[in-house]
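File shown: work11.txt (compact mmCIF, C-alpha atoms and all ligand atoms).
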```txt
# COMPACT_ATOMS: atom_id res chain seq x y z
CA MET A 1 0.00 0.00 0.00
CA ASN A 2 1.25 3.51 -0.67
CA GLY A 3 0.26 5.17 2.61
CA PHE A 4 -2.70 7.00 1.04
CA LYS A 5 -5.60 5.49 2.97
CA GLN A 6 -8.15 8.24 2.29
CA VAL A 7 -8.29 11.01 -0.28
CA CYS A 8 -10.56 14.01 0.13
CA PHE A 9 -11.77 15.73 -3.05
CA ILE A 10 -13.07 19.29 -2.70
CA GLY A 11 -15.41 19.89 -5.64
CA LEU A 12 -17.33 17.12 -7.41
CA GLY A 13 -18.04 18.62 -10.83
CA TYR A 14 -17.02 17.66 -14.36
CA ILE A 15 -13.43 17.00 -13.24
CA GLY A 16 -13.65 16.28 -9.50
CA LEU A 17 -16.29 13.54 -9.68
CA PRO A 18 -14.72 11.41 -12.45
CA THR A 19 -11.29 11.73 -10.81
CA ALA A 20 -12.72 10.82 -7.39
CA ALA A 21 -14.41 7.76 -8.92
CA VAL A 22 -11.23 6.65 -10.73
CA VAL A 23 -9.18 7.02 -7.52
CA ALA A 24 -11.84 5.11 -5.56
CA LYS A 25 -11.78 2.32 -8.16
CA SER A 26 -7.99 2.10 -7.86
CA GLY A 27 -8.42 1.01 -4.26
CA ILE A 28 -7.99 4.21 -2.23
CA ARG A 29 -10.97 5.27 -0.09
CA VAL A 30 -12.41 8.60 -1.26
CA LEU A 31 -14.43 11.26 0.49
CA GLY A 32 -15.92 13.66 -2.03
CA VAL A 33 -16.89 17.07 -0.67
CA ASP A 34 -19.20 19.50 -2.41
CA ILE A 35 -21.04 22.51 -1.04
CA ASN A 36 -24.04 21.60 -3.20
CA LEU A 37 -26.37 19.29 -1.26
CA HIS A 38 -28.04 18.03 -4.43
CA VAL A 39 -24.63 16.91 -5.76
CA VAL A 40 -23.84 15.13 -2.46
CA ASP A 41 -27.22 13.37 -2.26
CA THR A 42 -27.15 12.33 -5.92
CA ILE A 43 -23.70 10.76 -5.60
CA ASN A 44 -24.54 8.97 -2.35
CA GLU A 45 -27.49 7.40 -4.18
CA GLY A 46 -24.99 6.05 -6.75
CA ASN A 47 -26.14 8.53 -9.40
CA ILE A 48 -24.47 11.45 -11.18
CA HIS A 49 -25.52 15.03 -11.80
CA ILE A 50 -23.44 15.65 -14.95
CA VAL A 51 -23.37 14.13 -18.44
CA GLU A 52 -20.28 11.99 -19.04
CA PRO A 53 -20.17 8.57 -20.72
CA LYS A 54 -19.37 5.57 -18.44
CA LEU A 55 -19.31 7.76 -15.32
CA LYS A 56 -22.65 6.68 -13.88
CA GLU A 57 -21.71 2.98 -13.87
CA LEU A 58 -18.36 3.73 -12.26
CA VAL A 59 -19.81 6.00 -9.56
CA ASN A 60 -22.55 3.48 -8.83
CA GLU A 61 -19.97 0.71 -8.45
CA VAL A 62 -17.59 2.57 -6.12
CA VAL A 63 -20.42 4.02 -3.99
CA LYS A 64 -21.92 0.53 -3.55
CA LEU A 65 -18.49 -0.83 -2.60
CA GLY A 66 -18.18 1.92 0.03
CA GLN A 67 -15.05 3.25 -1.72
CA LEU A 68 -16.64 6.65 -2.52
CA LYS A 69 -18.79 8.66 -0.14
CA ALA A 70 -19.94 12.27 -0.60
CA SER A 71 -20.40 14.90 2.08
CA GLN A 72 -20.79 18.64 2.45
CA VAL A 73 -17.96 18.76 4.97
CA PRO A 74 -14.36 17.51 4.81
CA GLU A 75 -12.85 14.91 7.13
CA GLU A 76 -9.34 14.05 8.15
CA SER A 77 -7.63 12.38 5.15
CA ASP A 78 -4.11 11.77 3.79
CA VAL A 79 -4.47 13.60 0.48
CA TYR A 80 -6.61 16.66 -0.33
CA LEU A 81 -7.41 17.58 -3.94
CA VAL A 82 -8.90 20.96 -4.79
CA VAL A 83 -11.05 20.75 -7.95
CA VAL A 84 -13.35 23.76 -7.64
CA PRO A 85 -14.22 26.33 -10.34
CA THR A 86 -11.83 29.14 -11.26
CA PRO A 87 -13.92 31.56 -13.31
CA PHE A 88 -13.06 35.12 -14.22
CA THR A 89 -14.72 38.25 -12.89
CA HIS A 90 -16.76 40.73 -14.97
CA ASP A 91 -13.53 42.65 -15.69
CA ARG A 92 -11.75 39.44 -16.78
CA GLN A 93 -9.61 39.00 -13.70
CA PRO A 94 -9.08 35.45 -12.40
CA ASP A 95 -11.34 34.60 -9.47
CA ILE A 96 -9.54 32.23 -7.12
CA SER A 97 -11.99 32.74 -4.25
CA TYR A 98 -13.34 29.18 -4.67
CA VAL A 99 -9.81 27.75 -4.36
CA GLU A 100 -9.26 29.88 -1.26
CA ALA A 101 -12.56 28.79 0.31
CA ALA A 102 -11.85 25.14 -0.48
CA THR A 103 -8.35 25.43 1.02
CA LYS A 104 -9.63 27.14 4.17
CA SER A 105 -12.19 24.36 4.62
CA ILE A 106 -9.51 21.67 4.89
CA ILE A 107 -6.88 23.55 6.93
CA PRO A 108 -8.28 22.36 10.31
CA PHE A 109 -7.93 18.71 9.21
CA LEU A 110 -4.33 18.86 7.97
CA LYS A 111 -1.70 16.84 9.81
CA MET A 112 2.00 16.07 9.38
CA GLY A 113 2.79 14.12 6.18
CA ASP A 114 -0.40 15.10 4.31
CA LEU A 115 -0.43 15.93 0.62
CA TYR A 116 -2.41 18.94 -0.70
CA ILE A 117 -2.88 19.25 -4.47
CA ILE A 118 -4.63 21.88 -6.59
CA GLU A 119 -6.05 20.63 -9.90
CA SER A 120 -8.21 23.68 -10.68
CA THR A 121 -6.87 25.74 -13.57
CA SER A 122 -5.11 28.56 -11.72
CA PRO A 123 -3.13 31.76 -12.29
CA VAL A 124 0.63 31.45 -11.87
CA GLY A 125 1.55 31.67 -8.18
CA THR A 126 -1.74 30.29 -6.82
CA THR A 127 -0.18 27.17 -5.28
CA GLU A 128 2.42 29.27 -3.45
CA ARG A 129 -0.32 31.64 -2.26
CA MET A 130 -2.33 28.72 -0.91
CA ALA A 131 0.81 27.37 0.80
CA GLU A 132 1.23 30.77 2.50
CA LEU A 133 -2.43 30.72 3.54
CA ILE A 134 -2.06 27.24 5.03
CA PHE A 135 1.18 28.07 6.90
CA MET A 136 -0.20 31.38 8.15
CA LYS A 137 -3.02 29.52 9.90
CA ARG A 138 -0.98 26.42 10.71
CA PRO A 139 2.69 27.43 11.24
CA ASP A 140 3.18 24.05 12.93
CA LEU A 141 2.92 22.37 9.49
CA LYS A 142 5.68 24.37 7.75
CA GLY A 143 8.03 21.86 6.07
CA LYS A 144 5.87 19.00 7.33
CA ILE A 145 3.23 18.71 4.59
CA TYR A 146 3.53 18.38 0.83
CA ILE A 147 1.95 20.88 -1.57
CA ALA A 148 1.69 20.53 -5.35
CA TYR A 149 -0.17 21.56 -8.48
CA CYS A 150 -1.32 19.15 -11.21
CA PRO A 151 -3.51 20.53 -14.00
CA GLU A 152 -6.24 18.53 -15.68
CA ARG A 153 -6.35 18.21 -19.48
CA VAL A 154 -9.17 15.75 -20.21
CA LEU A 155 -11.60 15.96 -23.11
CA PRO A 156 -15.25 16.02 -21.98
CA GLY A 157 -16.94 12.94 -23.40
CA ASN A 158 -13.81 10.81 -22.99
CA VAL A 159 -12.91 11.75 -19.42
CA ILE A 160 -12.62 8.30 -17.83
CA TYR A 161 -10.18 7.07 -20.47
CA GLU A 162 -8.12 10.26 -20.56
CA LEU A 163 -7.90 10.57 -16.77
CA VAL A 164 -6.05 7.28 -16.68
CA ASN A 165 -4.10 7.48 -19.92
CA ASN A 166 -3.09 11.13 -20.46
CA ASP A 167 0.36 12.33 -19.42
CA ARG A 168 0.32 14.59 -16.36
CA VAL A 169 2.48 17.56 -15.40
CA ILE A 170 3.16 17.69 -11.65
CA GLY A 171 4.87 20.56 -9.85
CA GLY A 172 5.43 20.87 -6.12
CA ILE A 173 6.40 23.89 -4.02
CA ASP A 174 9.62 21.92 -3.46
CA SER A 175 11.10 18.72 -4.89
CA VAL A 176 9.86 16.47 -2.07
CA SER A 177 6.31 17.69 -2.67
CA THR A 178 6.69 16.92 -6.39
CA GLU A 179 7.87 13.38 -5.58
CA LYS A 180 5.06 12.80 -3.09
CA ALA A 181 2.42 13.99 -5.59
CA LEU A 182 4.00 11.83 -8.29
CA ASN A 183 3.64 8.79 -6.04
CA PHE A 184 -0.04 9.59 -5.62
CA TYR A 185 -0.80 9.95 -9.36
CA ARG A 186 1.28 6.86 -10.14
CA PHE A 187 -1.37 4.91 -8.27
CA PHE A 188 -4.08 5.49 -10.89
CA VAL A 189 -2.48 7.14 -13.98
CA ASN A 190 -0.93 5.04 -16.77
CA GLY A 191 0.29 8.09 -18.75
CA THR A 192 3.78 9.49 -18.17
CA LEU A 193 4.12 11.75 -15.12
CA HIS A 194 6.31 14.78 -15.84
CA LYS A 195 8.03 16.52 -12.93
CA THR A 196 8.43 20.28 -12.66
CA ASN A 197 7.81 23.08 -10.13
CA CYS A 198 4.36 24.45 -9.27
CA ARG A 199 4.70 27.72 -11.19
CA THR A 200 5.67 25.91 -14.40
CA ALA A 201 2.83 23.40 -13.94
CA GLU A 202 0.32 26.27 -13.50
CA MET A 203 1.74 28.05 -16.55
CA CYS A 204 1.68 24.82 -18.56
CA LYS A 205 -2.10 24.52 -18.34
CA LEU A 206 -2.59 28.19 -19.27
CA THR A 207 -0.12 27.76 -22.14
CA GLU A 208 -1.93 24.74 -23.57
CA ASN A 209 -5.25 26.54 -23.81
CA SER A 210 -3.77 29.88 -24.89
CA SER A 211 -1.92 28.06 -27.66
CA ARG A 212 -5.20 26.64 -28.96
CA ASP A 213 -6.84 30.06 -28.71
CA VAL A 214 -4.04 31.80 -30.65
CA GLN A 215 -4.06 29.15 -33.36
CA ILE A 216 -7.83 29.36 -33.79
CA ALA A 217 -7.56 33.17 -33.86
CA PHE A 218 -5.15 32.87 -36.79
CA ALA A 219 -7.71 30.80 -38.72
CA ASN A 220 -10.49 33.22 -37.76
CA GLU A 221 -8.42 36.21 -38.86
CA LEU A 222 -7.76 34.50 -42.20
CA SER A 223 -11.52 34.02 -42.62
CA LEU A 224 -12.05 37.79 -42.22
CA ILE A 225 -9.29 38.62 -44.70
CA CYS A 226 -10.53 36.05 -47.21
CA ASP A 227 -14.08 37.33 -47.01
CA LYS A 228 -12.88 40.81 -47.99
CA ALA A 229 -10.48 39.47 -50.64
CA GLY A 230 -13.10 37.24 -52.28
CA ILE A 231 -11.20 34.03 -51.48
CA ASP A 232 -12.69 30.80 -50.14
CA VAL A 233 -10.94 30.43 -46.77
CA TRP A 234 -11.60 26.67 -46.63
CA GLU A 235 -9.91 26.06 -49.96
CA LEU A 236 -7.07 28.39 -48.93
CA ILE A 237 -6.40 26.59 -45.65
CA SER A 238 -6.54 23.17 -47.23
CA LEU A 239 -4.00 24.31 -49.87
CA ALA A 240 -1.71 26.03 -47.33
CA ASN A 241 -1.77 22.87 -45.21
CA LYS A 242 -0.21 20.94 -48.10
CA HIS A 243 3.04 22.57 -46.95
CA PRO A 244 4.75 19.88 -44.85
CA ARG A 245 5.32 22.21 -41.88
CA VAL A 246 2.07 24.24 -41.94
CA LYS A 247 -0.98 23.13 -39.92
CA ILE A 248 -3.63 25.84 -39.82
CA LEU A 249 -6.74 25.08 -37.75
CA LYS A 250 -10.32 25.68 -38.88
CA PRO A 251 -12.14 28.99 -38.49
CA GLY A 252 -15.53 29.08 -36.81
CA CYS A 253 -17.99 31.56 -35.35
CA GLY A 254 -15.75 32.30 -32.36
CA VAL A 255 -14.29 30.34 -29.47
CA GLY A 256 -16.33 28.99 -26.59
CA GLY A 257 -16.30 26.53 -23.72
CA HIS A 258 -15.13 27.01 -20.17
CA CYS A 259 -11.40 26.49 -20.88
CA ILE A 260 -10.03 27.97 -24.13
CA ALA A 261 -12.26 31.04 -23.96
CA VAL A 262 -11.40 31.62 -20.28
CA ASP A 263 -7.86 30.53 -19.40
CA PRO A 264 -5.94 33.02 -21.62
CA TYR A 265 -7.40 35.82 -19.46
CA PHE A 266 -5.40 34.40 -16.53
CA LEU A 267 -2.29 35.38 -18.47
CA THR A 268 -3.49 38.69 -19.89
CA ALA A 269 -4.65 39.79 -16.41
CA ASP A 270 -1.32 39.06 -14.72
CA PHE A 271 1.03 39.91 -17.63
CA PRO A 272 -0.79 42.69 -19.53
CA LYS A 273 2.33 44.15 -21.13
CA GLU A 274 3.86 40.85 -22.17
CA ALA A 275 0.78 38.87 -23.26
CA GLN A 276 0.06 40.98 -26.36
CA LEU A 277 -0.45 38.17 -28.85
CA ILE A 278 -2.61 36.20 -26.41
CA ALA A 279 -4.75 39.28 -25.72
CA ASN A 280 -5.14 40.00 -29.43
CA ALA A 281 -6.11 36.41 -30.13
CA ARG A 282 -8.88 36.69 -27.52
CA GLU A 283 -10.08 39.90 -29.22
CA VAL A 284 -10.06 38.29 -32.68
CA ASN A 285 -11.99 35.26 -31.45
CA ASN A 286 -14.52 37.42 -29.60
CA TYR A 287 -14.89 39.75 -32.59
CA LYS A 288 -15.57 36.85 -34.95
CA ALA A 289 -18.98 36.25 -33.31
CA PHE A 290 -19.95 39.94 -33.78
CA TRP A 291 -18.81 39.75 -37.39
CA CYS A 292 -21.06 36.73 -37.93
CA VAL A 293 -24.02 38.67 -36.49
CA GLU A 294 -23.35 41.51 -38.95
CA LYS A 295 -23.19 39.05 -41.86
CA ILE A 296 -26.50 37.46 -40.87
CA GLU A 297 -28.15 40.87 -40.49
CA GLU A 298 -26.91 41.97 -43.92
CA ALA A 299 -28.26 38.78 -45.50
CA ILE A 300 -31.69 39.26 -43.88
CA ILE A 301 -31.95 42.90 -45.02
CA LYS A 302 -30.82 42.01 -48.56
CA TYR A 303 -33.44 39.25 -48.73
CA GLU A 304 -36.18 41.61 -47.52
CA ILE A 305 -35.26 44.23 -50.15
CA GLU A 306 -35.02 41.72 -53.01
CA ASN A 307 -38.11 39.67 -52.14
CA ASN A 308 -40.28 42.25 -50.43
CA LYS A 309 -40.95 39.83 -47.54
CA LYS A 310 -39.25 38.67 -44.39
CA PRO A 311 -37.19 35.50 -44.70
CA ILE A 312 -37.35 32.37 -42.61
CA VAL A 313 -33.85 31.90 -41.18
CA ALA A 314 -32.42 28.58 -39.97
CA LEU A 315 -29.83 29.02 -37.22
CA MET A 316 -27.93 25.75 -37.22
CA GLY A 317 -26.17 24.89 -33.95
CA LEU A 318 -25.94 26.26 -30.41
CA ALA A 319 -23.11 24.23 -28.82
CA PHE A 320 -19.60 25.60 -28.40
CA LYS A 321 -18.09 22.94 -30.66
CA PRO A 322 -19.25 20.14 -32.98
CA ASP A 323 -21.13 17.08 -31.75
CA ILE A 324 -21.50 18.01 -28.08
CA ASP A 325 -24.38 19.35 -25.98
CA ASP A 326 -22.33 21.88 -23.98
CA LEU A 327 -23.47 25.50 -24.41
CA ARG A 328 -21.06 27.14 -21.92
CA GLU A 329 -19.53 30.35 -23.33
CA SER A 330 -20.82 29.24 -26.74
CA PRO A 331 -20.39 31.89 -29.44
CA ALA A 332 -23.14 30.21 -31.50
CA GLN A 333 -25.58 30.70 -28.65
CA LYS A 334 -24.52 34.34 -28.26
CA ILE A 335 -25.01 34.93 -32.00
CA VAL A 336 -28.48 33.36 -31.89
CA ALA A 337 -29.48 35.51 -28.89
CA LYS A 338 -28.25 38.69 -30.58
CA ILE A 339 -29.79 38.05 -33.99
CA ILE A 340 -33.16 37.08 -32.56
CA SER A 341 -33.33 40.19 -30.39
CA ASN A 342 -32.38 42.45 -33.33
CA HIS A 343 -34.69 41.11 -36.00
CA SER A 344 -38.32 40.33 -36.58
CA ALA A 345 -37.66 37.65 -39.22
CA SER A 346 -38.86 34.10 -38.45
CA PHE A 347 -36.18 31.89 -36.97
CA LEU A 348 -35.89 28.12 -36.75
CA ILE A 349 -33.21 26.91 -34.35
CA SER A 350 -31.52 23.55 -34.66
CA GLU A 351 -29.24 21.90 -32.09
CA PRO A 352 -29.19 18.15 -32.74
CA ASN A 353 -27.43 17.35 -29.46
CA ILE A 354 -30.10 18.70 -27.13
CA ASP A 355 -33.81 17.91 -26.98
CA SER A 356 -35.00 21.13 -25.41
CA ASN A 357 -33.74 24.46 -24.20
CA GLU A 358 -35.34 26.83 -21.72
CA ARG A 359 -34.70 29.85 -23.98
CA TYR A 360 -35.34 28.50 -27.46
CA LYS A 361 -37.64 26.09 -29.22
CA ILE A 362 -35.35 23.50 -30.83
CA VAL A 363 -36.53 21.98 -34.10
CA ASP A 364 -35.32 19.05 -36.20
CA SER A 365 -32.26 19.90 -38.34
CA LYS A 366 -33.73 18.74 -41.63
CA PHE A 367 -37.00 20.55 -40.92
CA ALA A 368 -35.09 23.77 -40.14
CA TYR A 369 -33.06 23.45 -43.32
CA ASP A 370 -35.94 22.53 -45.62
CA SER A 371 -38.27 25.21 -44.23
CA SER A 372 -35.92 28.18 -44.41
CA ASP A 373 -34.84 30.75 -47.00
CA ILE A 374 -31.53 31.62 -45.32
CA ILE A 375 -29.40 28.91 -43.73
CA VAL A 376 -26.76 29.90 -41.18
CA PHE A 377 -24.31 27.14 -40.25
CA LEU A 378 -22.86 28.10 -36.87
CA VAL A 379 -21.50 24.77 -35.60
CA ALA A 380 -20.02 21.96 -37.73
CA HIS A 381 -22.18 19.16 -36.31
CA SER A 382 -21.67 15.93 -38.31
CA ILE A 383 -25.38 15.61 -39.02
CA TYR A 384 -25.36 18.90 -40.97
CA LYS A 385 -22.85 17.46 -43.42
CA LYS A 386 -25.45 14.88 -44.46
CA LEU A 387 -28.12 17.43 -45.42
CA ASN A 388 -29.12 17.65 -49.09
CA ILE A 389 -27.88 21.10 -50.00
CA ASP A 390 -30.36 23.15 -52.02
CA LYS A 391 -28.41 25.70 -54.07
CA ALA A 392 -31.51 27.90 -54.39
CA LYS A 393 -31.25 28.78 -50.70
CA ILE A 394 -28.96 31.44 -49.25
CA HIS A 395 -26.20 29.88 -47.16
CA LEU A 396 -23.98 31.56 -44.59
CA ASP A 397 -21.43 28.93 -43.70
CA PHE A 398 -19.25 29.98 -40.76
CA CYS A 399 -17.92 26.51 -39.97
CA GLY A 400 -17.14 24.75 -43.27
CA ILE A 401 -20.22 22.56 -43.75
CA LEU A 402 -20.53 23.24 -47.47
CA ASN A 403 -16.85 22.78 -48.16
CA LYS A 404 -16.78 19.57 -46.14
CA CYS A 405 -13.05 20.00 -45.64
CA ILE A 406 -13.33 19.77 -41.86
N1 LIG A 501 -14.50 20.71 -17.16
C1 LIG A 501 -13.39 20.56 -17.86
O1 LIG A 501 -13.40 20.01 -18.97
C2 LIG A 501 -12.07 21.04 -17.32
C3 LIG A 501 -10.88 20.63 -17.96
C4 LIG A 501 -9.67 21.02 -17.42
C5 LIG A 501 -9.64 21.81 -16.27
N2 LIG A 501 -10.79 22.21 -15.68
C6 LIG A 501 -10.69 23.02 -14.47
O2 LIG A 501 -11.06 22.21 -13.35
C7 LIG A 501 -11.68 23.03 -12.36
C8 LIG A 501 -13.03 22.44 -12.01
O3 LIG A 501 -13.84 22.49 -13.17
P1 LIG A 501 -15.19 21.69 -13.30
O4 LIG A 501 -15.58 21.77 -14.72
O5 LIG A 501 -15.07 20.35 -12.63
O6 LIG A 501 -16.15 22.62 -12.41
P2 LIG A 501 -17.67 22.34 -12.01
O7 LIG A 501 -18.32 23.66 -11.91
O8 LIG A 501 -18.25 21.28 -12.86
O9 LIG A 501 -17.56 21.70 -10.53
C9 LIG A 501 -17.02 22.36 -9.43
C10 LIG A 501 -17.73 21.86 -8.17
O10 LIG A 501 -17.11 22.47 -7.04
C11 LIG A 501 -18.11 22.73 -6.07
N3 LIG A 501 -17.58 23.72 -5.13
C12 LIG A 501 -17.39 25.06 -5.32
N4 LIG A 501 -16.82 25.61 -4.22
C13 LIG A 501 -16.66 24.61 -3.32
C14 LIG A 501 -16.12 24.53 -2.01
N5 LIG A 501 -15.63 25.61 -1.39
N6 LIG A 501 -16.13 23.34 -1.37
C15 LIG A 501 -16.64 22.23 -1.97
N7 LIG A 501 -17.14 22.25 -3.22
C16 LIG A 501 -17.16 23.41 -3.89
C17 LIG A 501 -19.30 23.18 -6.89
O11 LIG A 501 -20.51 23.03 -6.16
C18 LIG A 501 -19.21 22.24 -8.11
O12 LIG A 501 -19.99 21.06 -7.92
C19 LIG A 501 -11.74 24.43 -12.94
O13 LIG A 501 -10.62 25.15 -12.51
C20 LIG A 501 -11.66 24.19 -14.44
O14 LIG A 501 -11.12 25.31 -15.11
C21 LIG A 501 -12.01 21.82 -16.16
```

Let me see whether you can do it: turn the structure in this file into structure tokens.
Ligand SMILES: NC(=O)c1ccc[n+]([C@@H]2O[C@H](COP(=O)([O-])OP(=O)(O)OC[C@H]3O[C@@H](n4cnc5c(N)ncnc54)[C@H](O)[C@@H]3O)[C@@H](O)[C@H]2O)c1
Amino acid sequence: MNGFKQVCFIGLGYIGLPTAAVVAKSGIRVLGVDINLHVVDTINEGNIHIVEPKLKELVNEVVKLGQLKASQVPEESDVYLVVVPTPFTHDRQPDISYVEAATKSIIPFLKMGDLYIIESTSPVGTTERMAELIFMKRPDLKGKIYIAYCPERVLPGNVIYELVNNDRVIGGIDSVSTEKALNFYRFFVNGTLHKTNCRTAEMCKLTENSSRDVQIAFANELSLICDKAGIDVWELISLANKHPRVKILKPGCGVGGHCIAVDPYFLTADFPKEAQLIANAREVNNYKAFWCVEKIEEAIIKYEIENNKKPIVALMGLAFKPDIDDLRESPAQKIVAKIISNHSASFLISEPNIDSNERYKIVDSKFAYDSSDIIVFLVAHSIYKKLNIDKAKIHLDFCGILNKCI
């Protein structure tokens, strides 16, 4: 046995719950803590409150075995993992108040030899700040507990597999903390465990998502240039990518989700002078959604003038990326909200991955397509690529459905 008898997870959301279940399955007893009573009750019944393939079966199994138990309050454990949200404030500053609250909640239970790990995506320096907070309240533990940071990089929809098989970057506040954390992850991760310090590990997560954001911004900027230059951006990118060392990503209607559209702000907030490219990429990706709104509005007005009637407009897709049901920070959803509030045309909204939505009536994709005069492709859902394209309709394709080169 590795000396880790009980692990306490603080936060049982999209990342905390699957990780807690995987750790529990590996043979370590897990206490999952969440401030949300509904989350706690649901898990203790062997159910789950989030959508993630294979998770329900796993949670049910480990709860029945007594390996995973949920509670609203922490208990004395050997390892503490902080997996709470790290959003940004209205002025795009990182909000680490959840990490602070989670850390404060476990301080009374800490004892010599314990391991404390942050997994929440965090601004550089957060782990050291939490170490200071812990030692300020518990000076007796200075040099006697281990503190590390290990970012999560799973793909929603494939979380259980990736949790076990992805490589992990692990950085302690000192080398013994790194080693101790490595020993913990070795227990349930098959991927390679890479050692570093906590600041580099924090920066690594922010770098990964900022890199994606900058690369998508490049493709989005090309789409703006090509539109003005009368060039098909999809053909252009596919030709440029024939170069053996060029790999341009696909443009879209913006960038969404709770990671790529959020994490770069953790760098621009703390390094405003240095993070110029990252800040500009965020601007380009945000602007792309406004540009799409303008294009849709122009098409509606043109149709009205030419046909002397209002068009029926199909808005195809709400999710933040293809083939998922997640609407968080979705530019498609923002475009739909804006265009509907600005115009009195008739709109049909399709989102094949969700049955209903509290804000919009969702209709069948084929029905939306067949019934409309103007078709706006916002998200490259696979099902849209199978539609029979009617050349008599007006198409605004922001995600490459017609070109099918995605
Ligand atoms: N979801 C992803 O795909 C993903 C991927 C990589 C990294 N991350 C990062 O992981 C972290 C967690 O994200 P998530 O998607 O799991 O969040 P989430 O919102 O799904 O879950 C967080 C949970 O923490 C609970 N919580 C908040 N404060 C608490 C406290 N003081 N004590 C106990 N519980 C508390 C909430 O009730 C919630 O259930 C974030 O920093 C996020 O950026 C998420």

Could I get the residue neighbourhood of ligand LIG 501 (chain A) at 9 Å, counting only C-alpha atoms and all ligand atoms, as a compact mmCIF listing (two decimals) with C-alpha atoms, keeping the file's coordinate frame?
```txt
# COMPACT_ATOMS: atom_id res chain seq x y z
CA PHE A 9 -11.77 15.73 -3.05
CA ILE A 10 -13.07 19.29 -2.70
CA GLY A 11 -15.41 19.89 -5.64
CA LEU A 12 -17.33 17.12 -7.41
CA GLY A 13 -18.04 18.62 -10.83
CA TYR A 14 -17.02 17.66 -14.36
CA ILE A 15 -13.43 17.00 -13.24
CA GLY A 16 -13.65 16.28 -9.50
CA LEU A 17 -16.29 13.54 -9.68
CA PRO A 18 -14.72 11.41 -12.45
CA GLY A 32 -15.92 13.66 -2.03
CA VAL A 33 -16.89 17.07 -0.67
CA ASP A 34 -19.20 19.50 -2.41
CA ILE A 35 -21.04 22.51 -1.04
CA ASN A 36 -24.04 21.60 -3.20
CA LEU A 37 -26.37 19.29 -1.26
CA VAL A 39 -24.63 16.91 -5.76
CA VAL A 40 -23.84 15.13 -2.46
CA ILE A 50 -23.44 15.65 -14.95
CA GLN A 72 -20.79 18.64 2.45
CA VAL A 73 -17.96 18.76 4.97
CA PRO A 74 -14.36 17.51 4.81
CA VAL A 82 -8.90 20.96 -4.79
CA VAL A 83 -11.05 20.75 -7.95
CA VAL A 84 -13.35 23.76 -7.64
CA PRO A 85 -14.22 26.33 -10.34
CA THR A 86 -11.83 29.14 -11.26
CA PRO A 87 -13.92 31.56 -13.31
CA ILE A 96 -9.54 32.23 -7.12
CA SER A 97 -11.99 32.74 -4.25
CA TYR A 98 -13.34 29.18 -4.67
CA VAL A 99 -9.81 27.75 -4.36
CA GLU A 100 -9.26 29.88 -1.26
CA ALA A 101 -12.56 28.79 0.31
CA ALA A 102 -11.85 25.14 -0.48
CA THR A 103 -8.35 25.43 1.02
CA LYS A 104 -9.63 27.14 4.17
CA SER A 105 -12.19 24.36 4.62
CA GLU A 119 -6.05 20.63 -9.90
CA SER A 120 -8.21 23.68 -10.68
CA THR A 121 -6.87 25.74 -13.57
CA SER A 122 -5.11 28.56 -11.72
CA PRO A 151 -3.51 20.53 -14.00
CA GLU A 152 -6.24 18.53 -15.68
CA ARG A 153 -6.35 18.21 -19.48
CA VAL A 154 -9.17 15.75 -20.21
CA LEU A 155 -11.60 15.96 -23.11
CA PRO A 156 -15.25 16.02 -21.98
CA VAL A 159 -12.91 11.75 -19.42
CA LYS A 205 -2.10 24.52 -18.34
CA GLY A 257 -16.30 26.53 -23.72
CA HIS A 258 -15.13 27.01 -20.17
CA CYS A 259 -11.40 26.49 -20.88
CA VAL A 262 -11.40 31.62 -20.28
CA ASP A 263 -7.86 30.53 -19.40
```

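Neighbouring residues of stretch 133-137 of chain A at 12 Å or closer, counting all atoms listed in the file and skipping chain neighbours under 3 positions away, are Val99, Glu100, Ala101, Ala102, Thr103, Lys104, Ser105, Ile106, Ile107, Pro108, Phe109, Leu110, Lys111, Tyr116, Thr126, Thr127, Glu128, Arg129, Met130, Asp140, Leu141, Lys142, Gly143, Lys144, Ile145, Tyr146 and Ile147 of chain A.
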
ask   = Which residues come within 6 Å of stretch 363-372 of chain A, counting only C-alpha atoms, excluding same-chain residues fewer than 3 positions away, as a list in words?
value = Ile312, Val313, Ala314, Leu348, Ile349 and Ser350 of chain A

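Taking atom CA of A:Phe4 and atom CA of A:Thr19 as endpoints, the distance between them is 15.4 Å.
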
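Going from atom CA of A:Ser175 over to atom CA of A:Val79, you cover 17.2 Å.
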
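Closest approach to A:Phe398 among A:Glu179, A:Asp114, A:Glu162, A:Asp227: A:Asp227, based on all atoms listed in the file.
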
task = Please provide as a ChimeraX atom specification all residues within 9 Å of A:Trp291, with the sequence filter that same-chain residues fewer than 5 positions apart are discarded (counting only C-alpha atoms).
result = /A:224,253,296

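Across the structure, atom CA of A:His343 and atom CA of A:Leu378 are spaced 17.6 Å apart.
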
key: From A:Gln333, A:Asn60, A:Ser382, A:Thr42, residue lying nearest A:Ala21 [all atoms listed in the file]   = A:Asn60
